[in-house]
Amino acid sequence: MDRERAEKLIAMNRAFKTLRERQKVNLKFYPEVKELAKEVREKRERCVGNQELFEKVVENLRRRSFNVYVASDSEDAISKVLEVVGDEKLVVKSKSNVTKEIGLREELEKKGVKVVETDIGDRLLQILDESPSHPTGPAVHLSVKSIAEQLSKHYGVEIPPDAEKIVEFLRRDIEKSVEETKIGITGANAVTAEGSVVILHNEGNVFEVLSRPEKWIVVTGIEKVYESVEDAVKAAKLQSFYATGEILPSFIEIVSGVARTADIEKRLIEVGKPREVYIILLDNGRSRIANSEFREALYCLGCGNCVANCPAHSVYGEKFSGGRFALLDAFMGEKEALRLCLSCGKCKKNCPMKIDVPGMIRRAREGNELYNFLLSHLRWMNERLRLEILKFLLEFEGRKKD
Ligand code: SF4
Ligand code: SF4
């Protein structure tokens, strides 16, 4: 392990510790969280893989003038996005695990389309060419000092190591692309039986991405179906609490069609933007998983709390995505990393949906389980020791400089 890698892991673990402490404090203010989690789990059990509900969602989205497309795999989804993008050369995009799953940004860039991420964390990773370390806090492994240094180099101007100034600088830069583009791409946290799309965000950028360009493209998984907007909001509360420690995000967008007015003779007339909305519902193996022993992986809310509590991720970083995300990598063919899982159960214990990730990892990885268990612990102890030594040396150097 080199120094740079150790610094990133230390910064990431510090951020996760802050999150855990905030959750602990705020649990006193939101004692209903535990009961809410049980209720949402039951709802997810009913919705995932429910074909009747899925058809109702699609029908009502279409009735509300959404263009709905069910994509069988990544290639299918990407070609649909490219068709909608057409000759445009700039798109703005907000955070979405599904677009990451299909490598959408890279595919658009290969076709000469400039993609600008609008979430601060994702934009940082895009500029600095870094990998995300957490599904809802992708840049938590970067310190403010290293961010300022690298951004200054990228933009050729002096950017101070001050979090507020960095955010202000990036927001202004993103804003220019939002003004210029005709295409916005987002994910979705839920699509509901009424024909609505529900998206949570904290930065205010999703609203800009969906309402300022002419076309809005939503890319999400087929498992994100809910029986009602109310249920989706309950899940949103949980996702927010386990991702940030707050029971609600700053914003929840519930979008049920394009902008319209009924002010003239009660006829519905389209106004403003977006003029066209496209929803791509991605299967990419989900139907198969829904009918397998791994079904409960699809109950996931994407809060990332399993990652924030995974001791293997805390020492291996991106080499082992942690919790449910390590399992997702395995579904995509990256099974080798599963050997790093310690079978400690912390992901399940800290998951609001109580998804049995350790059990599924044990079933998905190959080889003798006792051997896997012993080897994973030996490797982890070795890696942890190296990280602790580097941490000590870095602190010692820091004290000497002071
Ligand atoms: S069981 Fe595996 S994936 Fe879950 S927290 Fe432990 S090491 Fe991480
Ligand atoms: S598995 Fe659980 S803890 Fe992990 S992201 Fe999904 S809902 Fe959150």
# chains A, B, ... in the order shown; residues from 1 in each chain; ligands from 1
>>> residues_around(residues="Tyr278 in chain A", least_positions_apart="6", cutoff="12 Å", atoms="only C-alpha atoms", output="ChimeraX atom specification")
/A:58,61-62,64-70,77,80-85,183-187,197,210,214-220,257-258
>>> write_last_selection(atoms="C-alpha atoms", output="PDB file, in the first residue's frame")
ATOM      1  CA  VAL A  58     -45.436   1.427 -17.501  1.00  0.00           C
ATOM      2  CA  LEU A  61     -46.171   6.513 -17.176  1.00  0.00           C
ATOM      3  CA  ARG A  62     -47.199   6.356 -20.855  1.00  0.00           C
ATOM      4  CA  ARG A  64     -48.805  10.736 -18.476  1.00  0.00           C
ATOM      5  CA  SER A  65     -46.845  11.349 -21.710  1.00  0.00           C
ATOM      6  CA  PHE A  66     -43.565   9.706 -20.709  1.00  0.00           C
ATOM      7  CA  ASN A  67     -41.814   7.769 -23.471  1.00  0.00           C
ATOM      8  CA  VAL A  68     -41.071   4.443 -21.781  1.00  0.00           C
ATOM      9  CA  TYR A  69     -38.536   1.942 -23.009  1.00  0.00           C
ATOM     10  CA  VAL A  70     -37.687  -1.378 -21.329  1.00  0.00           C
ATOM     11  CA  ALA A  77     -30.100   0.992 -22.862  1.00  0.00           C
ATOM     12  CA  LYS A  80     -31.711   4.058 -26.730  1.00  0.00           C
ATOM     13  CA  VAL A  81     -29.967   6.966 -24.966  1.00  0.00           C
ATOM     14  CA  LEU A  82     -27.840   7.615 -28.065  1.00  0.00           C
ATOM     15  CA  GLU A  83     -30.966   7.649 -30.223  1.00  0.00           C
ATOM     16  CA  VAL A  84     -32.578  10.291 -27.981  1.00  0.00           C
ATOM     17  CA  VAL A  85     -29.366  12.350 -27.742  1.00  0.00           C
ATOM     18  CA  ILE A 183     -30.311  17.089 -22.811  1.00  0.00           C
ATOM     19  CA  GLY A 184     -30.441  16.187 -19.121  1.00  0.00           C
ATOM     20  CA  ILE A 185     -29.949  12.654 -17.763  1.00  0.00           C
ATOM     21  CA  THR A 186     -30.861  11.489 -14.262  1.00  0.00           C
ATOM     22  CA  GLY A 187     -31.504   8.225 -12.443  1.00  0.00           C
ATOM     23  CA  VAL A 197     -40.890   9.353 -11.044  1.00  0.00           C
ATOM     24  CA  LEU A 210     -34.647  17.711 -15.445  1.00  0.00           C
ATOM     25  CA  GLU A 214     -35.552  20.333 -23.647  1.00  0.00           C
ATOM     26  CA  LYS A 215     -35.230  16.565 -23.219  1.00  0.00           C
ATOM     27  CA  TRP A 216     -34.968  14.687 -19.953  1.00  0.00           C
ATOM     28  CA  ILE A 217     -33.820  11.065 -19.957  1.00  0.00           C
ATOM     29  CA  VAL A 218     -34.339   8.915 -16.855  1.00  0.00           C
ATOM     30  CA  VAL A 219     -32.363   5.676 -16.598  1.00  0.00           C
ATOM     31  CA  THR A 220     -33.324   3.345 -13.780  1.00  0.00           C
ATOM     32  CA  GLY A 257     -45.458  14.268 -16.641  1.00  0.00           C
ATOM     33  CA  VAL A 258     -44.193  17.129 -18.767  1.00  0.00           C
TER      34      VAL A 258
END
>>> residues_near_ligand(ligand="ligand 1", cutoff="12 Å", atoms="only C-alpha atoms and all ligand atoms", output="PyMOL selection string")
chain A and resi 304-317+320-330+337-351+354-362+365+372-373+376-377+379-380
>>> select_by_dssp(residues="range 98-134 of chain A", states="strand (DSSP E)", output="list in words")
Lys114, Val115, Val116 and Glu117 of chain A
>>> select_by_dssp(residues="range 167-203 of chain A", states="alpha helix (DSSP H)", output="ChimeraX atom specification")
/A:167-180
>>> write_last_selection(atoms="C-alpha atoms", output="PDB file, in the first residue's frame")
ATOM      1  CA  VAL A 167     -18.096  24.016  -4.126  1.00  0.00           C
ATOM      2  CA  GLU A 168     -18.858  27.571  -5.286  1.00  0.00           C
ATOM      3  CA  PHE A 169     -16.263  27.309  -8.052  1.00  0.00           C
ATOM      4  CA  LEU A 170     -17.601  23.968  -9.308  1.00  0.00           C
ATOM      5  CA  ARG A 171     -21.248  25.082  -9.144  1.00  0.00           C
ATOM      6  CA  ARG A 172     -20.488  28.063 -11.374  1.00  0.00           C
ATOM      7  CA  ASP A 173     -18.668  25.837 -13.836  1.00  0.00           C
ATOM      8  CA  ILE A 174     -21.527  23.267 -13.938  1.00  0.00           C
ATOM      9  CA  GLU A 175     -24.110  26.026 -14.349  1.00  0.00           C
ATOM     10  CA  LYS A 176     -22.566  27.052 -17.692  1.00  0.00           C
ATOM     11  CA  SER A 177     -23.106  23.540 -19.105  1.00  0.00           C
ATOM     12  CA  VAL A 178     -26.701  23.382 -17.795  1.00  0.00           C
ATOM     13  CA  GLU A 179     -27.443  26.647 -19.632  1.00  0.00           C
ATOM     14  CA  GLU A 180     -25.963  25.402 -22.900  1.00  0.00           C
TER      15      GLU A 180
END
>>> closest_residue(among="A:Gly156, A:Gly333, A:Pro249, A:Gly302", to="Pro352 in chain A", atoms="only C-alpha atoms")
A:Gly302
>>> residues_around(residues="Thr192 in chain A", least_positions_apart="2", cutoff="8 Å", atoms="only C-alpha atoms", output="VMD selection string")
chain A and resid 57 190 194 to 198 225 to 229 232
>>> write_last_selection(atoms="N, CA and C atoms", output="PDB file, in the first residue's frame")
ATOM      1  N   VAL A  57     -47.270   0.333 -13.835  1.00  0.00           N
ATOM      2  CA  VAL A  57     -46.356   1.484 -13.793  1.00  0.00           C
ATOM      3  C   VAL A  57     -46.097   1.984 -15.219  1.00  0.00           C
ATOM      4  N   ALA A 190     -37.396   5.887  -7.534  1.00  0.00           N
ATOM      5  CA  ALA A 190     -38.609   5.064  -7.625  1.00  0.00           C
ATOM      6  C   ALA A 190     -39.432   5.475  -8.829  1.00  0.00           C
ATOM      7  N   GLU A 194     -48.800   5.163  -9.963  1.00  0.00           N
ATOM      8  CA  GLU A 194     -49.583   6.295 -10.494  1.00  0.00           C
ATOM      9  C   GLU A 194     -48.975   6.847 -11.775  1.00  0.00           C
ATOM     10  N   GLY A 195     -47.734   6.426 -12.080  1.00  0.00           N
ATOM     11  CA  GLY A 195     -47.047   6.970 -13.256  1.00  0.00           C
ATOM     12  C   GLY A 195     -46.173   8.159 -12.879  1.00  0.00           C
ATOM     13  N   SER A 196     -45.520   8.075 -11.732  1.00  0.00           N
ATOM     14  CA  SER A 196     -44.656   9.175 -11.282  1.00  0.00           C
ATOM     15  C   SER A 196     -43.221   8.684 -11.117  1.00  0.00           C
ATOM     16  N   VAL A 197     -42.310   9.635 -11.259  1.00  0.00           N
ATOM     17  CA  VAL A 197     -40.890   9.353 -11.044  1.00  0.00           C
ATOM     18  C   VAL A 197     -40.476  10.094  -9.778  1.00  0.00           C
ATOM     19  N   VAL A 198     -39.808   9.393  -8.861  1.00  0.00           N
ATOM     20  CA  VAL A 198     -39.407  10.017  -7.590  1.00  0.00           C
ATOM     21  C   VAL A 198     -37.884  10.031  -7.507  1.00  0.00           C
ATOM     22  N   VAL A 225     -39.838  -0.274  -8.854  1.00  0.00           N
ATOM     23  CA  VAL A 225     -41.279  -0.003  -8.890  1.00  0.00           C
ATOM     24  C   VAL A 225     -41.875  -0.014  -7.475  1.00  0.00           C
ATOM     25  N   TYR A 226     -42.801   0.914  -7.246  1.00  0.00           N
ATOM     26  CA  TYR A 226     -43.503   1.030  -5.959  1.00  0.00           C
ATOM     27  C   TYR A 226     -45.000   1.126  -6.209  1.00  0.00           C
ATOM     28  N   GLU A 227     -45.774   0.707  -5.191  1.00  0.00           N
ATOM     29  CA  GLU A 227     -47.231   0.710  -5.368  1.00  0.00           C
ATOM     30  C   GLU A 227     -47.829   2.110  -5.318  1.00  0.00           C
ATOM     31  N   SER A 228     -47.121   3.044  -4.685  1.00  0.00           N
ATOM     32  CA  SER A 228     -47.656   4.408  -4.606  1.00  0.00           C
ATOM     33  C   SER A 228     -46.536   5.408  -4.323  1.00  0.00           C
ATOM     34  N   VAL A 229     -46.829   6.670  -4.584  1.00  0.00           N
ATOM     35  CA  VAL A 229     -45.881   7.744  -4.283  1.00  0.00           C
ATOM     36  C   VAL A 229     -45.615   7.774  -2.771  1.00  0.00           C
ATOM     37  N   ALA A 232     -43.051   5.299  -1.914  1.00  0.00           N
ATOM     38  CA  ALA A 232     -41.733   5.732  -2.402  1.00  0.00           C
ATOM     39  C   ALA A 232     -41.142   6.787  -1.473  1.00  0.00           C
TER      40      ALA A 232
END
>>> closest_residue(among="A:Asn284, A:Asn50, A:Asn382, A:Gln239", to="ligand 2", atoms="only C-alpha atoms and all ligand atoms")
A:Gln239
>>> residues_around(residues="Val115 in chain A", least_positions_apart="6", cutoff="9 Å", atoms="only C-alpha atoms", output="number ranges by chain")
A: 89-93, 105-106, 108-109
>>> write_last_selection(atoms="C-alpha atoms", output="short mmCIF file (atom, residue, chain, number, x, y, z; two decimals), in the first residue's frame")
data_model
loop_
_atom_site.label_atom_id
_atom_site.label_comp_id
_atom_site.auth_asym_id
_atom_site.auth_seq_id
_atom_site.Cartn_x
_atom_site.Cartn_y
_atom_site.Cartn_z
CA LYS A 89 -22.75 17.15 -28.34
CA LEU A 90 -23.29 18.14 -24.70
CA VAL A 91 -25.37 16.49 -21.96
CA VAL A 92 -25.63 17.20 -18.25
CA LYS A 93 -26.16 14.36 -15.84
CA ARG A 105 -20.83 8.34 -19.53
CA GLU A 106 -17.90 6.50 -21.12
CA LEU A 108 -21.41 8.74 -24.72
CA GLU A 109 -17.89 10.15 -24.60
#
>>> residues_around(residues="Cys303 in chain A", least_positions_apart="5", cutoff="7 Å", atoms="only C-alpha atoms", output="list in words")
Thr136, Gln239, Ser240, Tyr242 and Ala243 of chain A
>>> closest_residue(among="A:Met332, A:Ile127, A:Val113, A:Ala37", to="ligand 2", atoms="only C-alpha atoms and all ligand atoms")
A:Ala37
>>> closest_residue(among="A:Asp2, A:Glu296, A:Glu101, A:Glu35", to="ligand 2", atoms="only C-alpha atoms and all ligand atoms")
A:Glu296
>>> atom_distance(atom1="CA of Glu4 in chain A", atom2="CA of Ala163 in chain A")
20.3 Å
>>> atom_distance(atom1="CA of Ala139 in chain A", atom2="CA of Asp119 in chain A")
10.5 Å
